[in-house]
$ cat run-v5.pdb   # PDB, C-alpha atoms and all ligand atoms
ATOM      1  CA  MET Y  35     101.742 115.036 108.684
ATOM      2  CA  SER Y  36     102.677 111.860 110.522
ATOM      3  CA  SER Y  37     101.015 108.531 109.900
ATOM      4  CA  ALA Y  38      99.534 108.630 113.411
ATOM      5  CA  ALA Y  39      97.353 111.539 112.287
ATOM      6  CA  TYR Y  40      95.412 109.315 109.901
ATOM      7  CA  ALA Y  41      92.568 107.132 111.078
ATOM      8  CA  PRO Y  42      92.877 103.414 110.376
ATOM      9  CA  VAL Y  43      91.543 102.482 106.955
ATOM     10  CA  ASP Y  44      89.704  99.214 106.384
ATOM     11  CA  LEU Y  45      90.617  97.016 103.431
ATOM     12  CA  TRP Y  46      87.639  97.880 101.203
ATOM     13  CA  THR Y  47      87.997 101.612 101.758
ATOM     14  CA  ALA Y  48      91.695 101.376 100.916
ATOM     15  CA  MET Y  49      90.993  99.315  97.783
ATOM     16  CA  ARG Y  50      88.250 101.724  96.680
ATOM     17  CA  ARG Y  51      90.692 104.600  97.068
ATOM     18  CA  GLY Y  52      93.333 102.671  95.125
ATOM     19  CA  TRP Y  53      90.782 101.848  92.403
ATOM     20  CA  ARG Y  54      90.239 105.590  91.971
ATOM     21  CA  GLY Y  55      94.012 106.171  91.796
ATOM     22  CA  ARG Y  56      94.168 107.876  95.176
ATOM     23  CA  CYS Y  57      96.490 107.226  98.101
ATOM     24  CA  PRO Y  58      94.995 104.411 100.235
ATOM     25  CA  ARG Y  59      95.866 106.200 103.477
ATOM     26  CA  CYS Y  60      94.869 109.856 102.925
ATOM     27  CA  ASN Y  61      92.626 109.624  99.822
ATOM     28  CA  ALA Y  62      94.057 112.969  98.665
ATOM     29  CA  GLY Y  63      97.352 112.303  96.908
ATOM     30  CA  PRO Y  64      97.582 110.544  93.541
ATOM     31  CA  LEU Y  65      99.015 107.006  93.396
ATOM     32  CA  PHE Y  66     100.331 107.334  89.854
ATOM     33  CA  GLY Y  67     102.713 109.800  88.237
ATOM     34  CA  GLY Y  68     101.851 108.461  84.775
ATOM     35  CA  PHE Y  69      99.424 105.963  83.276
ATOM     36  CA  LEU Y  70     100.806 103.068  85.338
ATOM     37  CA  LYS Y  71     103.939 104.618  86.898
ATOM     38  CA  MET Y  72     103.710 104.513  90.681
ATOM     39  CA  ARG Y  73     104.854 107.502  92.696
ATOM     40  CA  SER Y  74     107.639 106.787  95.174
ATOM     41  CA  HIS Y  75     105.555 108.379  97.922
ATOM     42  CA  CYS Y  76     102.254 110.168  98.393
ATOM     43  CA  PRO Y  77     102.769 113.929  97.861
ATOM     44  CA  THR Y  78     100.083 114.707 100.434
ATOM     45  CA  CYS Y  79     100.759 112.400 103.404
ATOM     46  CA  ASP Y  80     104.279 111.145 102.514
ATOM     47  CA  LEU Y  81     103.223 107.493 102.627
ATOM     48  CA  VAL Y  82     106.131 105.584 101.100
ATOM     49  CA  LEU Y  83     104.690 103.621  98.188
ATOM     50  CA  GLU Y  84     107.873 102.139  96.707
ATOM     51  CA  PRO Y  85     107.905  98.899  98.741
ATOM     52  CA  TYR Y  86     104.411  97.978  97.573
ATOM     53  CA  ARG Y  87     104.974  96.267  94.265
ATOM     54  CA  ALA Y  88     102.037  94.806  92.412
ATOM     55  CA  ASP Y  89     104.255  93.003  89.861
ATOM     56  CA  ASP Y  90     102.113  90.911  87.497
ATOM     57  CA  ALA Y  91      98.971  90.756  89.628
ATOM     58  CA  PRO Y  92      97.177  93.702  87.939
ATOM     59  CA  ALA Y  93      97.829  92.249  84.476
ATOM     60  CA  TYR Y  94      96.598  88.841  85.607
ATOM     61  CA  PHE Y  95      93.399  90.207  87.143
ATOM     62  CA  THR Y  96      92.808  92.469  84.136
ATOM     63  CA  ILE Y  97      93.144  89.581  81.682
ATOM     64  CA  PHE Y  98      90.845  87.525  83.905
ATOM     65  CA  ALA Y  99      88.210  90.292  84.005
ATOM     66  CA  VAL Y 100      88.402  91.155  80.300
ATOM     67  CA  GLY Y 101      88.091  87.489  79.385
ATOM     68  CA  HIS Y 102      85.019  87.124  81.580
ATOM     69  CA  ILE Y 103      83.435  90.177  79.923
ATOM     70  CA  ILE Y 104      84.332  89.487  76.282
ATOM     71  CA  VAL Y 105      83.919  85.708  75.977
ATOM     72  CA  PRO Y 106      80.241  85.633  77.068
ATOM     73  CA  LEU Y 107      79.525  88.517  74.667
ATOM     74  CA  VAL Y 108      81.213  86.612  71.824
ATOM     75  CA  LEU Y 109      79.119  83.537  72.618
ATOM     76  CA  VAL Y 110      75.897  85.556  72.811
ATOM     77  CA  LEU Y 111      76.644  87.212  69.453
ATOM     78  CA  GLU Y 112      77.516  83.875  67.903
ATOM     79  CA  ARG Y 113      74.324  82.285  69.231
ATOM     80  CA  TYR Y 114      71.827  85.088  68.602
ATOM     81  CA  GLY Y 115      73.604  87.232  66.011
ATOM     82  CA  ASN Y 116      73.157  84.995  62.961
ATOM     83  CA  GLN Y 117      76.778  83.778  63.178
ATOM     84  CA  PRO Y 118      78.679  86.802  61.797
ATOM     85  CA  PRO Y 119      81.916  86.178  59.833
ATOM     86  CA  LEU Y 120      85.243  85.892  61.656
ATOM     87  CA  TRP Y 121      86.482  89.273  60.380
ATOM     88  CA  PHE Y 122      83.500  90.883  62.096
ATOM     89  CA  HIS Y 123      84.447  89.236  65.400
ATOM     90  CA  ALA Y 124      88.059  90.404  64.982
ATOM     91  CA  VAL Y 125      87.074  93.994  64.181
ATOM     92  CA  LEU Y 126      84.625  94.140  67.080
ATOM     93  CA  TRP Y 127      86.239  92.216  69.934
ATOM     94  CA  LEU Y 128      89.948  92.954  69.564
ATOM     95  CA  PRO Y 129      89.680  96.762  69.924
ATOM     96  CA  LEU Y 130      86.985  96.389  72.589
ATOM     97  CA  SER Y 131      89.255  94.039  74.573
ATOM     98  CA  VAL Y 132      92.137  96.522  74.375
ATOM     99  CA  VAL Y 133      89.938  99.454  75.448
ATOM    100  CA  ILE Y 134      88.445  97.563  78.403
ATOM    101  CA  ALA Y 135      91.925  96.381  79.455
ATOM    102  CA  LEU Y 136      93.300  99.953  79.314
ATOM    103  CA  ILE Y 137      90.371 101.185  81.401
ATOM    104  CA  LEU Y 138      90.681  98.432  84.008
ATOM    105  CA  LEU Y 139      94.469  98.055  84.319
ATOM    106  CA  PRO Y 140      95.313 101.255  86.283
ATOM    107  CA  ARG Y 141      92.233 100.815  88.486
ATOM    108  CA  ILE Y 142      93.104  97.215  89.290
ATOM    109  CA  LYS Y 143      96.742  98.166  89.883
ATOM    110  CA  GLY Y 144      95.659 100.874  92.332
ATOM    111  CA  ALA Y 145      93.402  98.419  94.149
ATOM    112  CA  VAL Y 146      96.216  95.824  94.339
ATOM    113  CA  ILE Y 147      98.653  98.430  95.706
ATOM    114  CA  ALA Y 148      96.058  99.410  98.311
ATOM    115  CA  LEU Y 149      95.531  95.741  99.193
ATOM    116  CA  LEU Y 150      99.289  95.293  99.669
ATOM    117  CA  TRP Y 151      99.480  98.455 101.782
ATOM    118  CA  SER Y 152      96.462  97.438 103.854
ATOM    119  CA  HIS Y 153      98.119  94.118 104.744
ATOM    120  CA  ARG Y 154     101.628  95.675 104.897
ATOM    121  CA  ILE Y 155     102.908  93.256 102.259
ATOM    122  CA  ALA Y 156     106.036  95.149 101.226
ATOM    123  CA  ALA Y 157     108.992  94.097  99.130
ATOM    124  CA  PRO Y 158     112.128  93.451 101.176
ATOM    125  CA  LYS Y 159     114.682  96.214 101.348
ATOM    126  CA  SER Y 160     117.584  95.783  98.981
ATOM    127  CA  SER Y 161     121.133  97.061  98.908
ATOM    128  CA  PRO Y 162     122.048 100.077  96.701
ATOM    129  CA  ASP Y 163     123.367  97.718  94.017
ATOM    130  CA  GLY Y 164     120.019  95.946  93.906
ATOM    131  CA  LEU Y 165     121.000  92.781  95.772
ATOM    132  CA  ASP Y 166     118.327  91.347  97.992
ATOM    133  CA  LEU Y 167     119.432  91.469 101.633
ATOM    134  CA  SER Y 168     116.485  89.584 103.093
ATOM    135  CA  PRO Y 169     117.293  86.306 104.875
TER     136      PRO Y 169
HETATM  137 ZN    ZN J 201      98.532 109.946 101.021
END

$ encode --input "run-v5.pdb" --output "structure tokens"
Amino acid sequence: MSSAAYAPVDLWTAMRRGWRGRCPRCNAGPLFGGFLKMRSHCPTCDLVLEPYRADDAPAYFTIFAVGHIIVPLVLVLERYGNQPPLWFHAVLWLPLSVVIALILLPRIKGAVIALLWSHRIAAPKSSPDGLDLSP
């Protein structure tokens, strides 16, 4: 199916589709072949996904979000929880931080890829030996 067959997708719809791990254009094909491994193209609509590289943005936004979830909870526990010992904080918050990060990371990566696709922010084409040919 050609790209002309798909209706234009607004930014928030595309990002919502990406958040759910679906192709931002057709909403049918999966974005990921593994936990965080992007597919080279959508198996349903053949949208080429390779040029849309999220790089470190998903990790940055995930760390930002996890920090803004965990730190207030730590402060609330410290203030109203009778100041538990440090080992208790370590046992509680470290695994919880990892779990929340693992839940958010693929969703945020999908949303970032959809954002890049929506604005057509693609990596420049490179030569077969990996050299950047952009001006
Ligand atoms: Zn698709």

$ residues_around --input "run-v5.pdb" --residues "Y:Ile137" --least-positions-apart "4" --cutoff "12 Å" --atoms "only C-alpha atoms" --output "JSON, numbers by chain"
{"Y": [53, 54, 69, 70, 96, 97, 99, 100, 130, 131, 132, 133, 141, 142, 143]}

$ resolve_selection --input "run-v5.pdb" --expression "the PyMOL selection byres (((chain Y and resi 73) around 12) and not hetatm)" --output "list in words"
Gly55, Arg56, Cys57, Gly63, Pro64, Leu65, Phe66, Gly67, Gly68, Phe69, Leu70, Lys71, Met72, Ser74, His75, Cys76, Pro77, Thr78, Asp80, Leu81, Val82, Leu83, Glu84, Pro85, Tyr86, Arg87, Gly144 and Ile147 of chain Y

$ atom_distance --input "run-v5.pdb" --atom1 "atom CA of Y:Tyr40" --atom2 "atom CA of Y:Ile155"
19.3 Å

$ atom_distance --input "run-v5.pdb" --atom1 "atom CA of Y:Phe98" --atom2 "atom CA of Y:Leu149"
18.0 Å

$ closest_residue --input "run-v5.pdb" --among "Y:Pro119, Y:Gly52, Y:Pro129, Y:Pro158" --to "ligand ZN 201 (chain J)" --atoms "all atoms listed in the file"
Y:Gly52

$ atom_distance --input "run-v5.pdb" --atom1 "atom CA of Y:Ser152" --atom2 "atom CA of Y:Pro58"
8.0 Å

$ closest_residue --input "run-v5.pdb" --among "Y:Lys159, Y:Arg51, Y:Arg59, Y:His153" --to "ligand ZN 201 (chain J)" --atoms "all atoms listed in the file"
Y:Arg59

$ closest_residue --input "run-v5.pdb" --among "Y:Leu128, Y:Cys60, Y:Ala93, Y:Ala88" --to "Y:Pro42" --atoms "only C-alpha atoms"
Y:Cys60

$ closest_residue --input "run-v5.pdb" --among "Y:Asn61, Y:Leu45, Y:His123, Y:Leu139" --to "Y:Val105" --atoms "only C-alpha atoms"
Y:His123

$ closest_residue --input "run-v5.pdb" --among "Y:Ala148, Y:Leu126, Y:Ala157, Y:Leu138" --to "ligand ZN 201 (chain J)" --atoms "all atoms listed in the file"
Y:Ala148

$ closest_residue --input "run-v5.pdb" --among "Y:Met49, Y:Ala62, Y:Val43, Y:Leu109" --to "ligand ZN 201 (chain J)" --atoms "all atoms listed in the file"
Y:Ala62

$ decode --input "run-v5.pdb" --residues "stretch 51-62 of chain Y" --atoms "N, CA and C atoms" --output "PDB file, in the first residue's frame"
ATOM      1  N   ARG Y  51       0.228   6.449  19.076  1.00  0.00           N
ATOM      2  CA  ARG Y  51       0.489   5.169  18.412  1.00  0.00           C
ATOM      3  C   ARG Y  51       1.893   4.671  18.741  1.00  0.00           C
ATOM      4  N   GLY Y  52       2.867   5.572  18.690  1.00  0.00           N
ATOM      5  CA  GLY Y  52       4.242   5.211  19.034  1.00  0.00           C
ATOM      6  C   GLY Y  52       4.361   4.754  20.481  1.00  0.00           C
ATOM      7  N   TRP Y  53       3.654   5.437  21.383  1.00  0.00           N
ATOM      8  CA  TRP Y  53       3.654   5.063  22.806  1.00  0.00           C
ATOM      9  C   TRP Y  53       3.186   3.625  22.976  1.00  0.00           C
ATOM     10  N   ARG Y  54       2.222   3.218  22.155  1.00  0.00           N
ATOM     11  CA  ARG Y  54       1.702   1.846  22.239  1.00  0.00           C
ATOM     12  C   ARG Y  54       2.531   0.859  21.420  1.00  0.00           C
ATOM     13  N   GLY Y  55       3.638   1.331  20.828  1.00  0.00           N
ATOM     14  CA  GLY Y  55       4.525   0.454  20.072  1.00  0.00           C
ATOM     15  C   GLY Y  55       4.008   0.126  18.686  1.00  0.00           C
ATOM     16  N   ARG Y  56       3.109   0.947  18.174  1.00  0.00           N
ATOM     17  CA  ARG Y  56       2.539   0.722  16.856  1.00  0.00           C
ATOM     18  C   ARG Y  56       3.135   1.724  15.863  1.00  0.00           C
ATOM     19  N   CYS Y  57       3.056   1.378  14.601  1.00  0.00           N
ATOM     20  CA  CYS Y  57       3.527   2.250  13.531  1.00  0.00           C
ATOM     21  C   CYS Y  57       2.754   3.576  13.599  1.00  0.00           C
ATOM     22  N   PRO Y  58       3.454   4.714  13.543  1.00  0.00           N
ATOM     23  CA  PRO Y  58       2.757   6.006  13.643  1.00  0.00           C
ATOM     24  C   PRO Y  58       1.877   6.306  12.434  1.00  0.00           C
ATOM     25  N   ARG Y  59       2.154   5.693  11.298  1.00  0.00           N
ATOM     26  CA  ARG Y  59       1.359   5.980  10.105  1.00  0.00           C
ATOM     27  C   ARG Y  59       0.118   5.103   9.997  1.00  0.00           C
ATOM     28  N   CYS Y  60       0.270   3.769  10.154  1.00  0.00           N
ATOM     29  CA  CYS Y  60      -0.869   2.871   9.912  1.00  0.00           C
ATOM     30  C   CYS Y  60      -1.507   2.339  11.193  1.00  0.00           C
ATOM     31  N   ASN Y  61      -0.817   2.442  12.318  1.00  0.00           N
ATOM     32  CA  ASN Y  61      -1.326   1.970  13.612  1.00  0.00           C
ATOM     33  C   ASN Y  61      -1.546   0.461  13.636  1.00  0.00           C
ATOM     34  N   ALA Y  62      -1.020  -0.265  12.668  1.00  0.00           N
ATOM     35  CA  ALA Y  62      -1.233  -1.716  12.620  1.00  0.00           C
ATOM     36  C   ALA Y  62       0.068  -2.478  12.846  1.00  0.00           C
TER      37      ALA Y  62
END
